[in-house]
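Since the structure comes first, as structure tokens, the remarks are kept for the end.
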Amino acid sequence: MRDEAYLSWLRDKDVVRTLNLPAYMAGPIDVAAIEVYCKQMINSSRDLFLALYHTADEKFVGTIKAGHIDWHHGVADIGIMIGSKSHWGRGLATDAIGALALHLFEVCGLRRLTAGAMAINPAMIAVFENLGFRREGILRSQDRIENGVCDHILLGCLRNELKPTDTAKPGQQ
């Protein structure tokens with residue numbers, strides 16, 4: 001099933017410029033390839049791909065994922081896209097990442113989460129750090145941007161480092 005809101009976000013340069021998705025910045029998006037990607041993520045035993053809805057208006061506002069889940073080692077990489085620009089700056093990323101991290105730690109039994117963010121997205125880096133993620137590395141001049149390159153910040157969080165948010169406190173579901 002095709003979701004026009006999702007596809008419109010992937011066509012919006014403001015939305016994708018900090019997601020490190022150069023193919024979407026270059027030109028028309030390949031809808032068939034996106035459908036294959038989404039189906040693979042949804043059917044994968046090593047990935048969790050979820051739609052984000054804003055509870056106040058029940059609007060689909062983005063996606064969040066835990067990718068490359070290594071069940072043996074208890075680690076996963078997480079990422080988020082708030083596609084609805086009218087919902088930017090409302091704390092949704094903090095709430096969603098906090099809730100996903102709590103679920104991955106407490107319900108799934110993972111012990112470590114990783115994430116990455118382009119250096120041109122300090123708001124996303126702050127979200128992760130406010131949740132207890134720590135900077136673990138910098139890939140210098142890693143990501144291409146409109147007018148050059150920028151660093152890519154690597155972050156990680158262990159189970160005992162996660163800081164609860166108002167909407168996701170340990171022990172509550």
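The way I read the labels, and the way they are meant: chains A, B, ... in the order of the structure tokens, residue 1 as the first residue of every chain, and ligand 1 as the first ligand shown, with later ones counted on from there.
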
- Message: List as a PyMOL selection string the protein and nucleic acid residues near A:Glu58, meaning an atom at most 12 Å away when only C-alpha atoms are counted, but skip any in the same chain fewer than 6 places from it.
- Response: chain A and resi 51-52+87

Which residues of stretch 5-78 of chain A come within 12 Å of stretch 146-169 of chain A, and what is each one's closest atom pair and distance in Å (one decimal), counting only C-alpha atoms, sorted by chain and residue number, as a tab-separated table?
residue	atom	partner	partner_atom	distance
A:Lys13	CA	A:Glu146	CA	10.3
A:Asp14	CA	A:Glu146	CA	11.4
A:Val16	CA	A:Glu146	CA	11.7
A:Arg17	CA	A:Glu146	CA	8.4
A:Thr18	CA	A:His152	CA	10.3
A:Leu19	CA	A:His152	CA	10.8
A:Asn20	CA	A:His152	CA	9.4
A:Pro22	CA	A:Glu146	CA	9.8
A:Met25	CA	A:Glu146	CA	8.9
A:Ala26	CA	A:Glu146	CA	10.1
A:Gly74	CA	A:Leu158	CA	10.3
A:Val75	CA	A:Leu158	CA	9.3
A:Ala76	CA	A:Gly156	CA	9.9
A:Asp77	CA	A:Gly156	CA	8.8
A:Ile78	CA	A:Gly156	CA	9.9

For the residues in that selection, give me N, CA and C atoms as a PDB file, in the first residue's frame.
ATOM      1  N   LYS A  13      13.123  18.130   0.184  1.00  0.00           N
ATOM      2  CA  LYS A  13      14.553  18.291   0.492  1.00  0.00           C
ATOM      3  C   LYS A  13      14.788  18.740   1.934  1.00  0.00           C
ATOM      4  N   ASP A  14      13.880  19.510   2.517  1.00  0.00           N
ATOM      5  CA  ASP A  14      14.028  19.916   3.917  1.00  0.00           C
ATOM      6  C   ASP A  14      13.969  18.700   4.849  1.00  0.00           C
ATOM      7  N   VAL A  16      14.610  15.369   3.975  1.00  0.00           N
ATOM      8  CA  VAL A  16      15.657  14.361   3.759  1.00  0.00           C
ATOM      9  C   VAL A  16      17.082  14.897   3.850  1.00  0.00           C
ATOM     10  N   ARG A  17      17.264  16.199   3.928  1.00  0.00           N
ATOM     11  CA  ARG A  17      18.633  16.745   3.900  1.00  0.00           C
ATOM     12  C   ARG A  17      19.494  16.285   5.065  1.00  0.00           C
ATOM     13  N   THR A  18      18.905  15.944   6.209  1.00  0.00           N
ATOM     14  CA  THR A  18      19.700  15.491   7.350  1.00  0.00           C
ATOM     15  C   THR A  18      19.558  13.987   7.614  1.00  0.00           C
ATOM     16  N   LEU A  19      18.961  13.262   6.662  1.00  0.00           N
ATOM     17  CA  LEU A  19      18.786  11.820   6.837  1.00  0.00           C
ATOM     18  C   LEU A  19      19.888  11.014   6.146  1.00  0.00           C
ATOM     19  N   ASN A  20      20.807  11.712   5.486  1.00  0.00           N
ATOM     20  CA  ASN A  20      21.904  11.062   4.780  1.00  0.00           C
ATOM     21  C   ASN A  20      21.383  10.094   3.718  1.00  0.00           C
ATOM     22  N   PRO A  22      21.327  10.484   0.022  1.00  0.00           N
ATOM     23  CA  PRO A  22      21.681  11.285  -1.156  1.00  0.00           C
ATOM     24  C   PRO A  22      20.846  10.975  -2.390  1.00  0.00           C
ATOM     25  N   MET A  25      17.951  13.250  -2.584  1.00  0.00           N
ATOM     26  CA  MET A  25      18.289  14.649  -2.842  1.00  0.00           C
ATOM     27  C   MET A  25      18.582  14.874  -4.327  1.00  0.00           C
ATOM     28  N   ALA A  26      18.989  13.826  -5.031  1.00  0.00           N
ATOM     29  CA  ALA A  26      19.480  13.967  -6.394  1.00  0.00           C
ATOM     30  C   ALA A  26      18.387  14.128  -7.440  1.00  0.00           C
ATOM     31  N   GLY A  74      22.742  -8.340  21.567  1.00  0.00           N
ATOM     32  CA  GLY A  74      21.838  -7.415  22.238  1.00  0.00           C
ATOM     33  C   GLY A  74      22.017  -5.968  21.838  1.00  0.00           C
ATOM     34  N   VAL A  75      22.258  -5.731  20.551  1.00  0.00           N
ATOM     35  CA  VAL A  75      22.470  -4.364  20.074  1.00  0.00           C
ATOM     36  C   VAL A  75      21.597  -4.071  18.859  1.00  0.00           C
ATOM     37  N   ALA A  76      21.298  -2.786  18.674  1.00  0.00           N
ATOM     38  CA  ALA A  76      20.533  -2.336  17.511  1.00  0.00           C
ATOM     39  C   ALA A  76      20.878  -0.877  17.237  1.00  0.00           C
ATOM     40  N   ASP A  77      20.640  -0.453  16.013  1.00  0.00           N
ATOM     41  CA  ASP A  77      20.840   0.931  15.604  1.00  0.00           C
ATOM     42  C   ASP A  77      19.470   1.544  15.387  1.00  0.00           C
ATOM     43  N   ILE A  78      19.248   2.737  15.913  1.00  0.00           N
ATOM     44  CA  ILE A  78      17.933   3.356  15.772  1.00  0.00           C
ATOM     45  C   ILE A  78      18.001   4.645  14.961  1.00  0.00           C
TER      46      ILE A  78
END

Using only C-alpha atoms, which of the listed residues (A:Leu21, A:Trp9, A:Ala93, A:Cys38) sits closest to A:Ile145?
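The answer is A:Leu21, which sits nearest to A:Ile145.
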
Enumerate as a PyMOL selection string all residues of stretch 18-120 of chain A assigned to helix (DSSP H, G or I) by DSSP on the backbone, naming them with the chain letters and numbers the document uses. chain A and resi 22-26+31-43+85-87+92-106

Please report, as a PyMOL selection string, each residue of stretch 77-158 of chain A to which DSSP assigns strand (DSSP E or B) when run on this structure's backbone.
-> chain A and resi 77-82+112-118+134-145+148-158

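Distance annotation: of A:Gly62, A:Gly137, A:Gly116, A:Pro122, the residue with the minimal separation from A:Leu7 is A:Gly62; atom set is only C-alpha atoms.
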
Quiz prompt | Residue nearest A:Leu131 - candidates A:Pro28, A:Gly83, A:Gly91, A:Gly67, atoms counted: only C-alpha atoms | solution =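 So, comparing all the options, the nearest one is A:Gly91.
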
A:Met41 proximity check over A:Arg11, A:His68, A:Arg135, A:His54, using only C-alpha atoms: winner is A:His68

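Taking atom CA of A:Ala101 and atom CA of A:Tyr53 as the two end points, the separation is 17.1 Å.
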
Between A:Ile64, A:Phe133, A:Phe49, A:Ile69, smallest distance to A:Ala99 by only C-alpha atoms belongs to A:Ile64

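Taking only C-alpha atoms into account, A:Trp88 lies nearest to A:Val61 out of the set A:Gly27, A:Ile34, A:Val61, A:Arg140.
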
In Å to one decimal, how far is atom CA of A:Cys108 from atom CA of A:Ala96?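 Interatomic distance, atom CA of A:Ala96 to atom CA of A:Cys108: 16.4 Å.
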
**Request:** Work out how far apart atom CA of A:Arg111 and atom CA of A:Phe128 are and give it in Å to one decimal.
**Result:**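 Value for the atom CA of A:Arg111-atom CA of A:Phe128 distance: 16.4 Å.
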
Any idea what's packed within 8 Å of A:Leu48, counting only C-alpha atoms, ignoring anything in its chain fewer than 3 positions away? Could you give it as a list in words?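 Contacts, with the query itself left out: Met41, Ile42, Ser44, Ser45, Lys65, Ala66 and Gly67 of chain A.
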
Would you put the residues from that selection into a file with N, CA and C atoms, as a compact mmCIF listing (two decimals), in the first residue's frame?
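That gives us again_23.txt:
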# COMPACT_ATOMS: atom_id res chain seq x y z
N MET A 41 11.73 -4.23 5.44
CA MET A 41 11.86 -3.81 6.84
C MET A 41 10.73 -4.41 7.68
N ILE A 42 9.52 -4.35 7.18
CA ILE A 42 8.36 -4.84 7.93
C ILE A 42 8.45 -6.35 8.15
N SER A 44 11.23 -8.21 8.21
CA SER A 44 12.53 -8.63 8.71
C SER A 44 12.48 -9.04 10.18
N SER A 45 13.28 -10.03 10.52
CA SER A 45 13.41 -10.42 11.93
C SER A 45 14.53 -9.64 12.61
N LYS A 65 12.75 3.53 13.45
CA LYS A 65 13.17 2.15 13.23
C LYS A 65 14.29 1.76 14.18
N ALA A 66 14.34 0.47 14.42
CA ALA A 66 15.50 -0.18 15.03
C ALA A 66 16.01 -1.11 13.95
N GLY A 67 17.21 -0.88 13.50
CA GLY A 67 17.75 -1.66 12.40
C GLY A 67 18.94 -2.50 12.81
